[in-house]
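Content type compact mmCIF, C-alpha atoms and all ligand atoms, from the file structure.txt:
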```
# COMPACT_ATOMS: atom_id res chain seq x y z
CA MET H 1 -24.51 -7.34 13.98
CA MET H 2 -24.73 -3.62 14.81
CA SER H 3 -21.38 -2.06 14.64
CA LYS H 4 -19.61 1.12 13.74
CA LEU H 5 -17.81 -0.74 10.95
CA PHE H 6 -20.91 -0.43 8.79
CA GLU H 7 -21.57 3.22 9.34
CA PRO H 8 -20.77 5.41 6.35
CA PHE H 9 -17.75 7.67 6.54
CA LYS H 10 -16.95 10.92 4.81
CA MET H 11 -13.30 10.86 3.71
CA GLY H 12 -12.51 14.26 2.29
CA SER H 13 -14.96 14.69 -0.56
CA LEU H 14 -15.64 10.94 -0.88
CA GLN H 15 -18.59 9.30 0.79
CA LEU H 16 -17.60 5.76 1.82
CA LYS H 17 -20.49 3.36 2.34
CA ASN H 18 -18.84 1.64 5.30
CA ARG H 19 -15.59 1.70 7.24
CA THR H 20 -14.02 -1.44 5.82
CA VAL H 21 -11.03 -1.01 3.55
CA MET H 22 -9.65 -3.69 1.25
CA ALA H 23 -5.92 -3.57 1.98
CA PRO H 24 -3.37 -3.55 -0.85
CA LEU H 25 -2.51 -7.16 -1.71
CA THR H 26 0.17 -8.36 -4.12
CA ARG H 27 -1.46 -10.88 -6.49
CA ARG H 28 0.93 -11.00 -9.48
CA ARG H 29 -1.71 -11.76 -12.10
CA ALA H 30 -0.56 -9.30 -14.82
CA GLU H 31 0.93 -12.13 -16.88
CA ASN H 32 1.23 -10.16 -20.10
CA PRO H 33 4.19 -8.42 -21.73
CA GLU H 34 2.76 -4.98 -20.89
CA LEU H 35 2.42 -5.81 -17.18
CA ALA H 36 -1.08 -4.34 -17.43
CA ALA H 37 -4.17 -5.02 -15.37
CA ASP H 38 -6.78 -6.83 -17.49
CA GLU H 39 -10.41 -8.04 -17.52
CA MET H 40 -9.63 -10.62 -14.84
CA THR H 41 -8.13 -7.93 -12.59
CA ALA H 42 -11.28 -5.89 -13.18
CA LEU H 43 -13.47 -8.84 -12.19
CA TYR H 44 -11.42 -9.43 -9.02
CA TYR H 45 -11.84 -5.84 -7.84
CA ARG H 46 -15.47 -5.65 -9.01
CA GLN H 47 -16.26 -8.65 -6.80
CA ARG H 48 -14.79 -6.78 -3.80
CA SER H 49 -16.48 -3.42 -4.33
CA SER H 50 -18.70 -3.73 -1.24
CA ALA H 51 -15.66 -2.52 0.72
CA GLY H 52 -16.00 1.12 1.75
CA LEU H 53 -12.67 1.70 0.01
CA ILE H 54 -10.43 -0.56 -2.06
CA VAL H 55 -6.70 0.10 -2.12
CA SER H 56 -5.24 -1.71 -5.11
CA GLU H 57 -2.18 -3.92 -5.05
CA GLY H 58 1.10 -2.05 -5.35
CA SER H 59 1.58 -0.72 -8.87
CA GLN H 60 5.11 0.14 -9.93
CA ILE H 61 5.60 3.76 -10.98
CA SER H 62 8.37 2.98 -13.47
CA PRO H 63 10.32 0.00 -14.84
CA GLU H 64 12.95 0.57 -12.12
CA ALA H 65 10.27 0.36 -9.43
CA TYR H 66 9.50 -3.28 -10.32
CA GLY H 67 10.39 -6.09 -7.90
CA TYR H 68 7.45 -8.51 -7.94
CA THR H 69 6.99 -10.62 -11.06
CA PHE H 70 3.78 -9.86 -12.96
CA SER H 71 2.76 -6.94 -10.77
CA PRO H 72 0.79 -4.41 -12.84
CA GLY H 73 2.41 -1.03 -13.52
CA CYS H 74 1.06 2.51 -13.85
CA TYR H 75 3.54 4.19 -16.19
CA SER H 76 2.63 3.11 -19.76
CA PRO H 77 -0.41 3.82 -21.95
CA ALA H 78 -1.30 0.10 -22.00
CA GLN H 79 -1.21 0.02 -18.21
CA ILE H 80 -3.49 3.07 -18.00
CA GLU H 81 -5.93 1.31 -20.35
CA GLY H 82 -5.78 -1.80 -18.16
CA TRP H 83 -6.54 0.13 -14.98
CA LYS H 84 -9.47 1.87 -16.73
CA LYS H 85 -11.19 -1.52 -16.87
CA VAL H 86 -10.69 -1.89 -13.13
CA THR H 87 -11.96 1.53 -12.09
CA LYS H 88 -14.99 1.21 -14.39
CA ALA H 89 -15.87 -2.17 -12.88
CA VAL H 90 -15.58 -0.90 -9.30
CA HIS H 91 -17.51 2.31 -9.98
CA GLU H 92 -20.30 0.42 -11.75
CA ASN H 93 -20.71 -1.44 -8.46
CA TYR H 94 -20.70 1.80 -6.42
CA GLY H 95 -17.25 1.12 -4.96
CA LYS H 96 -14.34 3.50 -4.41
CA ILE H 97 -10.78 2.63 -5.34
CA PHE H 98 -7.35 4.18 -4.76
CA ILE H 99 -4.28 2.77 -6.51
CA GLN H 100 -1.21 2.02 -4.44
CA LEU H 101 1.87 3.53 -6.09
CA TRP H 102 5.09 1.83 -5.15
CA HIS H 103 8.76 1.73 -5.86
CA VAL H 104 10.29 -1.40 -4.34
CA GLY H 105 13.75 0.15 -4.12
CA ARG H 106 16.38 -2.42 -3.22
CA LEU H 107 13.83 -5.26 -2.86
CA SER H 108 14.33 -6.13 -6.52
CA HIS H 109 16.98 -7.84 -8.61
CA PRO H 110 18.98 -7.10 -11.81
CA LEU H 111 16.86 -9.77 -13.53
CA LEU H 112 13.80 -7.59 -12.86
CA GLN H 113 15.46 -4.28 -13.74
CA PRO H 114 15.79 -2.50 -17.09
CA ASP H 115 19.08 -3.48 -18.77
CA GLY H 116 19.93 -5.77 -15.85
CA GLN H 117 20.92 -2.81 -13.69
CA LEU H 118 21.34 -2.93 -9.94
CA PRO H 119 18.21 -1.95 -7.99
CA LEU H 120 18.06 1.53 -6.47
CA ALA H 121 18.32 2.58 -2.83
CA PRO H 122 19.40 5.62 -0.80
CA SER H 123 22.57 3.72 0.21
CA ALA H 124 24.34 0.61 -1.08
CA ILE H 125 23.19 -1.76 1.67
CA LYS H 126 22.12 -5.28 0.76
CA PRO H 127 18.80 -6.56 2.10
CA ASP H 128 18.60 -10.03 3.63
CA GLY H 129 16.74 -12.79 1.89
CA GLN H 130 15.65 -13.82 -1.56
CA VAL H 131 13.50 -12.47 -4.33
CA LEU H 132 11.44 -14.32 -6.92
CA THR H 133 12.60 -13.46 -10.44
CA HIS H 134 11.44 -14.75 -13.81
CA GLU H 135 14.35 -17.22 -13.45
CA GLY H 136 13.44 -18.43 -9.97
CA GLN H 137 14.49 -17.41 -6.44
CA LYS H 138 17.66 -15.32 -6.18
CA GLU H 139 19.55 -13.81 -3.28
CA TYR H 140 19.09 -10.03 -3.02
CA VAL H 141 22.05 -8.00 -4.29
CA THR H 142 23.75 -4.88 -2.99
CA PRO H 143 21.77 -2.02 -4.54
CA ARG H 144 23.17 1.11 -6.12
CA ALA H 145 23.06 4.35 -4.09
CA MET H 146 20.91 6.78 -6.07
CA THR H 147 22.42 9.90 -7.53
CA THR H 148 20.67 13.19 -6.78
CA GLU H 149 19.50 13.19 -10.36
CA GLU H 150 17.98 9.73 -9.96
CA ILE H 151 16.22 10.85 -6.80
CA TYR H 152 14.57 13.77 -8.60
CA LYS H 153 13.68 11.56 -11.57
CA THR H 154 12.00 9.10 -9.21
CA ILE H 155 10.05 11.92 -7.57
CA ARG H 156 8.82 12.96 -11.02
CA ASP H 157 7.95 9.32 -11.80
CA PHE H 158 5.67 9.28 -8.75
CA GLY H 159 3.98 12.45 -10.03
CA LYS H 160 3.51 11.04 -13.52
CA ALA H 161 2.15 7.76 -12.18
CA ALA H 162 -0.34 9.68 -10.01
CA LYS H 163 -1.44 11.67 -13.05
CA ASN H 164 -1.79 8.42 -15.02
CA ALA H 165 -3.87 6.96 -12.19
CA MET H 166 -6.34 9.84 -12.38
CA GLU H 167 -6.55 9.39 -16.14
CA ALA H 168 -7.35 5.74 -15.47
CA GLY H 169 -10.27 6.82 -13.28
CA PHE H 170 -9.02 6.10 -9.77
CA ASP H 171 -10.56 8.03 -6.87
CA GLY H 172 -7.07 8.66 -5.57
CA VAL H 173 -3.60 7.26 -5.01
CA GLU H 174 -1.88 5.77 -1.98
CA ILE H 175 1.86 6.28 -1.73
CA HIS H 176 3.54 3.12 -0.46
CA GLY H 177 5.81 4.45 2.24
CA ALA H 178 6.00 1.24 4.28
CA HIS H 179 7.61 -2.20 4.65
CA GLY H 180 11.19 -1.54 3.62
CA TYR H 181 10.44 -0.33 0.08
CA LEU H 182 12.05 2.78 -1.36
CA VAL H 183 10.26 5.58 0.51
CA ASP H 184 10.59 3.73 3.82
CA ILE H 185 14.32 3.04 3.44
CA PHE H 186 14.94 6.74 2.86
CA ILE H 187 13.17 7.45 6.17
CA LEU H 188 14.92 4.80 8.29
CA ASP H 189 18.35 5.66 9.67
CA GLY H 190 19.44 2.00 9.45
CA THR H 191 19.11 1.99 5.65
CA ASN H 192 19.85 5.61 4.76
CA LYS H 193 23.49 6.57 5.29
CA ARG H 194 23.56 9.45 2.81
CA GLU H 195 25.55 12.54 3.55
CA ASP H 196 23.61 14.92 1.30
CA GLU H 197 20.27 16.70 1.80
CA PHE H 198 18.47 13.32 1.62
CA GLY H 199 20.30 11.73 4.56
CA GLY H 200 21.38 12.40 8.13
CA SER H 201 18.73 14.33 10.08
CA ILE H 202 15.11 13.18 10.27
CA GLU H 203 14.17 16.21 8.23
CA ASN H 204 16.60 15.17 5.49
CA ARG H 205 15.53 11.52 5.52
CA ALA H 206 11.87 12.56 5.19
CA ARG H 207 12.65 14.97 2.35
CA PHE H 208 12.16 12.30 -0.35
CA LEU H 209 8.64 11.54 0.92
CA PHE H 210 7.59 15.18 1.20
CA LEU H 211 8.99 16.05 -2.24
CA ILE H 212 6.95 13.14 -3.66
CA LEU H 213 3.84 14.55 -1.96
CA ASP H 214 4.58 18.03 -3.32
CA GLU H 215 5.10 16.61 -6.81
CA ILE H 216 1.84 14.65 -6.76
CA LEU H 217 0.07 17.78 -5.48
CA LYS H 218 0.87 19.40 -8.83
CA TYR H 219 -1.69 17.05 -10.36
CA LEU H 220 -4.02 15.86 -7.56
CA LYS H 221 -5.96 17.42 -4.70
CA PRO H 222 -4.81 16.54 -1.16
CA SER H 223 -8.09 14.64 -0.72
CA GLN H 224 -7.01 12.33 -3.55
CA ILE H 225 -3.79 11.28 -1.84
CA GLY H 226 -3.29 8.70 0.90
CA LEU H 227 -0.05 7.52 2.48
CA ARG H 228 0.89 4.17 3.94
CA LEU H 229 3.57 3.92 6.62
CA SER H 230 4.81 1.16 8.93
CA PRO H 231 6.36 3.04 11.89
CA LYS H 232 7.03 -0.30 13.54
CA SER H 233 9.33 -1.98 11.05
CA VAL H 234 8.29 -5.29 9.56
CA ARG H 235 11.74 -6.27 8.23
CA PRO H 236 14.62 -6.75 10.67
CA ASP H 237 17.01 -5.35 8.04
CA ALA H 238 15.09 -2.08 7.67
CA VAL H 239 14.81 -0.32 11.01
CA ASP H 240 15.15 3.06 12.66
CA SER H 241 17.00 3.74 15.92
CA THR H 242 14.30 6.14 17.20
CA PRO H 243 11.08 5.21 15.39
CA GLU H 244 8.71 7.24 17.57
CA LYS H 245 10.78 10.36 17.07
CA THR H 246 11.23 9.76 13.34
CA PHE H 247 7.63 8.87 12.53
CA GLY H 248 6.32 11.33 15.11
CA TYR H 249 8.05 14.10 13.16
CA ILE H 250 6.68 12.88 9.82
CA ILE H 251 3.14 12.29 11.02
CA GLU H 252 3.00 15.65 12.80
CA LYS H 253 4.12 17.33 9.58
CA LEU H 254 1.48 15.42 7.60
CA ASN H 255 -1.17 17.38 9.51
CA ASP H 256 -0.35 20.34 7.24
CA TYR H 257 -1.13 18.29 4.12
CA ASN H 258 -4.81 17.47 4.67
CA LEU H 259 -4.45 14.14 2.90
CA ALA H 260 -7.31 11.73 2.26
CA TYR H 261 -5.86 9.44 4.92
CA LEU H 262 -2.88 8.02 6.72
CA HIS H 263 -2.75 4.22 6.54
CA LEU H 264 -0.70 2.56 9.29
CA SER H 265 0.29 -1.03 8.69
CA GLU H 266 1.17 -3.41 11.50
CA MET H 267 1.72 -6.86 10.06
CA MET H 268 0.53 -9.53 12.45
CA SER H 269 -1.79 -12.48 12.92
CA PRO H 270 -5.37 -12.07 14.20
CA GLU H 271 -4.29 -13.98 17.33
CA THR H 272 -1.64 -11.38 18.11
CA ARG H 273 -4.05 -8.53 17.49
CA LEU H 274 -6.57 -9.98 19.96
CA ASN H 275 -3.99 -10.91 22.60
CA PRO H 276 -4.64 -8.66 25.64
CA ASP H 277 -0.86 -8.17 26.02
CA PHE H 278 -0.45 -6.83 22.50
CA LYS H 279 0.35 -3.13 22.36
CA SER H 280 -0.57 -1.45 19.08
CA ILE H 281 1.41 1.57 17.90
CA ILE H 282 -1.81 3.15 16.62
CA PRO H 283 -2.89 5.00 19.81
CA PHE H 284 0.48 6.81 19.95
CA TYR H 285 0.17 8.14 16.39
CA ARG H 286 -3.58 8.73 16.72
CA LYS H 287 -2.78 11.42 19.25
CA ILE H 288 -0.45 13.12 16.79
CA TYR H 289 -2.41 12.80 13.56
CA LYS H 290 -5.52 14.95 13.09
CA GLY H 291 -6.83 13.44 9.85
CA THR H 292 -8.43 10.17 8.78
CA LEU H 293 -6.54 7.16 10.07
CA ILE H 294 -6.71 3.61 8.70
CA SER H 295 -5.49 0.69 10.80
CA CYS H 296 -4.32 -2.47 9.03
CA GLY H 297 -2.94 -5.80 10.20
CA GLY H 298 -4.52 -8.95 11.61
CA HIS H 299 -7.97 -7.42 12.00
CA SER H 300 -11.09 -9.39 12.84
CA HIS H 301 -14.60 -8.03 13.27
CA GLU H 302 -13.94 -7.95 17.01
CA SER H 303 -10.66 -6.04 16.87
CA ALA H 304 -12.08 -3.67 14.25
CA ASN H 305 -15.08 -2.82 16.40
CA ARG H 306 -12.94 -2.35 19.45
CA MET H 307 -10.67 0.12 17.67
CA LEU H 308 -13.55 2.07 16.20
CA GLU H 309 -15.45 2.15 19.51
CA ASN H 310 -12.30 3.37 21.29
CA ASN H 311 -11.87 5.99 18.55
CA GLU H 312 -8.36 4.72 17.80
CA ALA H 313 -8.96 4.67 14.03
CA ASP H 314 -11.57 5.80 11.52
CA LEU H 315 -11.34 2.97 9.01
CA ILE H 316 -10.17 -0.64 9.29
CA ALA H 317 -8.33 -2.44 6.51
CA PHE H 318 -8.56 -6.19 5.96
CA GLY H 319 -6.12 -8.03 3.74
CA LYS H 320 -6.18 -11.83 3.57
CA PRO H 321 -9.88 -12.07 4.51
CA PHE H 322 -10.68 -10.08 1.35
CA ILE H 323 -8.84 -12.63 -0.78
CA SER H 324 -11.18 -15.47 0.12
CA ASN H 325 -14.34 -13.47 0.89
CA PRO H 326 -15.20 -11.17 -2.01
CA ASP H 327 -18.25 -10.02 -0.04
CA LEU H 328 -16.31 -9.61 3.22
CA ALA H 329 -18.08 -6.42 4.29
CA GLU H 330 -21.50 -8.03 3.86
CA ARG H 331 -20.43 -11.22 5.63
CA LEU H 332 -19.11 -9.30 8.62
CA GLN H 333 -22.29 -7.26 8.75
CA VAL H 334 -24.60 -10.28 8.96
CA GLY H 335 -22.19 -12.44 10.96
CA ALA H 336 -21.82 -15.02 8.16
CA PRO H 337 -18.90 -17.45 8.40
CA LEU H 338 -15.68 -16.45 6.63
CA ALA H 339 -13.84 -18.63 4.11
CA GLU H 340 -10.11 -19.27 4.69
CA PRO H 341 -7.77 -18.20 1.88
CA ASP H 342 -5.57 -20.72 0.06
CA LYS H 343 -1.97 -19.50 0.52
CA THR H 344 -0.71 -21.49 -2.47
CA THR H 345 -2.62 -19.21 -4.86
CA PHE H 346 -1.80 -15.85 -3.23
CA TYR H 347 0.84 -15.05 -5.84
CA HIS H 348 0.01 -17.20 -8.83
CA GLY H 349 -2.63 -19.47 -10.27
CA GLY H 350 -4.44 -17.30 -12.78
CA ALA H 351 -8.17 -17.30 -12.08
CA VAL H 352 -7.78 -20.00 -9.42
CA GLY H 353 -7.69 -18.49 -5.94
CA TYR H 354 -8.26 -15.10 -7.52
CA VAL H 355 -11.74 -14.66 -8.95
CA ASP H 356 -13.27 -18.03 -8.03
CA TYR H 357 -13.95 -17.55 -4.31
CA PRO H 358 -17.73 -17.80 -3.98
CA PHE H 359 -20.06 -15.18 -2.57
CA ARG H 360 -22.07 -16.35 0.39
CA ASP H 361 -25.39 -18.13 -0.20
CA LYS H 362 -28.19 -15.76 0.64
C1 LIG H 401 3.77 -9.15 -0.24
O1 LIG H 401 3.72 -9.41 -1.44
O2 LIG H 401 3.71 -10.05 0.61
C2 LIG H 401 3.84 -7.76 0.19
C3 LIG H 401 4.03 -6.78 -0.75
C4 LIG H 401 4.06 -5.47 -0.36
C5 LIG H 401 3.93 -5.15 0.96
C6 LIG H 401 3.75 -6.11 1.91
C7 LIG H 401 3.72 -7.43 1.52
O3 LIG H 401 3.95 -3.89 1.34
```
Please express what this file holds, its structure, as structure tokens.
Ligand code: PHB
Amino acid sequence: MMSKLFEPFKMGSLQLKNRTVMAPLTRRRAENPELAADEMTALYYRQRSSAGLIVSEGSQISPEAYGYTFSPGCYSPAQIEGWKKVTKAVHENYGKIFIQLWHVGRLSHPLLQPDGQLPLAPSAIKPDGQVLTHEGQKEYVTPRAMTTEEIYKTIRDFGKAAKNAMEAGFDGVEIHGAHGYLVDIFILDGTNKREDEFGGSIENRARFLFLILDEILKYLKPSQIGLRLSPKSVRPDAVDSTPEKTFGYIIEKLNDYNLAYLHLSEMMSPETRLNPDFKSIIPFYRKIYKGTLISCGGHSHESANRMLENNEADLIAFGKPFISNPDLAERLQVGAPLAEPDKTTFYHGGAVGYVDYPFRDK
């Protein structure tokens, strides 16, 4: 099928072979004491390198940033060595890959934290729900409000992790600023009740994010940095009272940064995305943001084409379809049927449901 999705795209200094992006997907396969990506991780991403751009699963920037069992980190030498296998595999197949750097903030648990400490957050507000630990499901706890010192240490951790990522051979890094994790809960006025320079006004709540960007810019070029945001909250316990004003301010300011891209996540089903009554937040922010925009959430070939044809986004990210269709970009291009992913192996199962989805018969 002819479509804009398969036209190449120049993103900063990177030439992408098409406009499909593999969205960051938690897979929890780093089942080793080092929490390092390994040969199997490399195979998984190698199989998916026909995407124009791969964004890796979230990789914790420090031991405190950890909240998902067996997620691979980006702070230790062993982890850097692990990621080298991944970037080599993707580049051998002419793919491009950014690593997603995340700090889960309060969406963790003492059982996942160094020395059993309380997870970190701008303010001591407990999230709703449960978290999977190495000892099973546990209720979230009330996190600890970060000290100023801890805030600056975390900013430096982001910088170090970005530097590590470049050493590991990534084409760039994506800061995870979405979905109720640490950067997001600094931004949102429902979760940030601080009374210092990191809380209160929009400018203060966005300070953490912009200091992280400035720190990473000590080591990387702007064209090597992407940012993911979810201006429409995906968790009812992590919201802002004036999201368009808050994210409008941030996204306007991002115009000065010349980043590789802004990645806007709207979590939804493909049915919702295609419903004529559905109103995406993307057109609103498209008008504000001058750089490369990625749209993610519930995309099908049809919705992707529509957005690209309407010039509402430059690149389209696909998540779940990339789990079960390693050659998703090629399948979409020739109109081949798509395989459905098995939800039971999203987060565990070793090689099963990870590297064993077949390529299409040619
Ligand atoms: C997930 O594991 O389902 C997940 C993780 C990080 C996100 C979103 C979803 O940002």
| said: Applying 6 Å and all atoms listed in the file, which residues near segment 178-187 of chain H remain after dropping the ones on its own chain fewer than 2 positions away? List them as an MDAnalysis selection string. | reply: chainID H and resid 103:105 122 176 191:192 205:206 228:230 234 238
May I have the selected residues written with C-alpha atoms, as a PDB file, in the coordinates of the input?
```
ATOM      1  CA  HIS H 103       8.760   1.730  -5.860  1.00  0.00           C
ATOM      2  CA  VAL H 104      10.290  -1.400  -4.340  1.00  0.00           C
ATOM      3  CA  GLY H 105      13.750   0.150  -4.120  1.00  0.00           C
ATOM      4  CA  PRO H 122      19.400   5.620  -0.800  1.00  0.00           C
ATOM      5  CA  HIS H 176       3.540   3.120  -0.460  1.00  0.00           C
ATOM      6  CA  THR H 191      19.110   1.990   5.650  1.00  0.00           C
ATOM      7  CA  ASN H 192      19.850   5.610   4.760  1.00  0.00           C
ATOM      8  CA  ARG H 205      15.530  11.520   5.520  1.00  0.00           C
ATOM      9  CA  ALA H 206      11.870  12.560   5.190  1.00  0.00           C
ATOM     10  CA  ARG H 228       0.890   4.170   3.940  1.00  0.00           C
ATOM     11  CA  LEU H 229       3.570   3.920   6.620  1.00  0.00           C
ATOM     12  CA  SER H 230       4.810   1.160   8.930  1.00  0.00           C
ATOM     13  CA  VAL H 234       8.290  -5.290   9.560  1.00  0.00           C
ATOM     14  CA  ALA H 238      15.090  -2.080   7.670  1.00  0.00           C
TER      15      ALA H 238
END
```
Restrict the calculation to only C-alpha atoms, then for each residue of segment 98-146 of chain H with any atom at most 12 Å from an atom of segment 162-171 of chain H give the closest atom pair and their distance in Å to one decimal, rows by chain and rising residue number, as a Markdown table.
```
| residue | atom | partner | partner_atom | distance |
| --- | --- | --- | --- | --- |
| H:Phe98 | CA | H:Asp171 | CA | 5.4 |
| H:Ile99 | CA | H:Phe170 | CA | 6.6 |
| H:Gln100 | CA | H:Ala162 | CA | 9.5 |
| H:Leu101 | CA | H:Ala162 | CA | 7.6 |
| H:Trp102 | CA | H:Ala162 | CA | 10.7 |
```
In Å, with one decimal, what is the gap from atom CA of Gly52 of chain H to atom CA of Gly95 of chain H?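 These two atoms are separated by 6.8 Å.
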Using 12 Å as the limit and counting all atoms listed in the file, can you tabulate each residue of segment 200-282 of chain H that touches segment 309-313 of chain H, with its shortest atom-to-atom distance in Å and the two atoms involved, as CSV?
```
residue,atom,partner,partner_atom,distance
H:Tyr261,CA,H:Ala313,CA,10.7
H:Leu262,CA,H:Ala313,CA,10.1
H:His263,CA,H:Ala313,CA,9.7
H:Leu264,CA,H:Ala313,CA,9.8
H:Ser280,CA,H:Glu312,CA,10.0
H:Ile281,CA,H:Glu312,CA,10.3
H:Ile282,CA,H:Glu312,CA,6.8
```
Exercise. Please provide as a list in words all residues within 9 Å of segment 19-21 of chain H, with the sequence filter that same-chain residues fewer than 3 positions apart are discarded (counting only C-alpha atoms).
Key: Lys4, Leu5, Phe6, Glu7, Pro8, Phe9, Leu16, Ser50, Ala51, Gly52, Leu53, Ile54, Val55, Ile294, Cys296, Ala304, Asp314, Leu315, Ile316, Ala317, Phe318, Gly319, Leu328 and Ala329 of chain H
- prompt: Could you name the residues that touch segment 125-137 of chain H at 7 Å or less, counting all atoms listed in the file, but leaving out those on the same chain fewer than 4 positions away, as a ChimeraX atom specification?
  reply: /H:69,108,111-112,141-143,191,237
Written selection (C-alpha atoms) as an mmCIF file, keeping the file's coordinate frame:
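As written to disk, again.cif reads:
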```
data_model
loop_
_atom_site.group_PDB
_atom_site.id
_atom_site.type_symbol
_atom_site.label_atom_id
_atom_site.label_comp_id
_atom_site.auth_asym_id
_atom_site.auth_seq_id
_atom_site.Cartn_x
_atom_site.Cartn_y
_atom_site.Cartn_z
ATOM 1 C CA THR H 69 6.990 -10.620 -11.060
ATOM 2 C CA SER H 108 14.330 -6.130 -6.520
ATOM 3 C CA LEU H 111 16.860 -9.770 -13.530
ATOM 4 C CA LEU H 112 13.800 -7.590 -12.860
ATOM 5 C CA VAL H 141 22.050 -8.000 -4.290
ATOM 6 C CA THR H 142 23.750 -4.880 -2.990
ATOM 7 C CA PRO H 143 21.770 -2.020 -4.540
ATOM 8 C CA THR H 191 19.110 1.990 5.650
ATOM 9 C CA ASP H 237 17.010 -5.350 8.040
#
```
So that I can see what lies close to Asn255 of chain H, please list as a PyMOL selection string the residues with an atom at most 7 Å from it, counting only C-alpha atoms and leaving out residues fewer than 3 positions away in the same chain.
chain H and resi 251-252+258+289-291
Applying 8 Å and all atoms listed in the file, which residues near Val239 of chain H remain after dropping the ones on its own chain fewer than 5 positions away? List them as a list in words.
Leu188, Asp189, Gly190, Thr191 and Ser233 of chain H
Nearest to Lys193 of chain H, restricted to all atoms listed in the file and choosing among H:Lys85, H:Leu217, H:Ser71, H:Ala121, comes out as H:Ala121
task: Please write as a list in words the list of polymer residues whose atoms come within 6 Å of (-8.2, -14.3, -15.7), counting all atoms listed in the file and keeping to the coordinates of the file.
output: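 These residues have at least one counted atom within 6 Å: Met40, Gly350 and Ala351 of chain H.
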Worksheet item: Of the residues H:Leu43, H:Met11, H:Leu25, H:Met268, which is the one nearest to ligand LIG 401 (chain H), using all atoms listed in the file?
Response: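 Answer, going by the shortest atom-to-atom distance: H:Leu25.
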inquiry  = From the options H:Leu209, H:Met22, H:Leu107, H:Leu14, which residue's atoms come nearest to ligand LIG 401 (chain H), counting all atoms listed in the file?
reply    =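 Counting all atoms listed in the file, the residue closest to ligand LIG 401 (chain H) is H:Leu107.
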Would you mind reading off the distance between atom CA of Ser269 of chain H and atom CA of His299 of chain H, one decimal, in Å?
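Result for atom CA of Ser269 of chain H versus atom CA of His299 of chain H: 8.0 Å, one decimal.
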Counting all atoms listed in the file, closest pick from H:His109, H:Lys96, H:His348, H:Lys287 relative to ligand LIG 401 (chain H) is H:His348
Box along x, y and z, 3 Å on every side, all listed atoms of segment 301-308 of chain H inside: centre and edge lengths in Å to one decimal, as JSON.
```
{"center_x": -12.9, "center_y": -3.0, "center_z": 16.4, "size_x": 10.4, "size_y": 16.1, "size_z": 12.2}
```
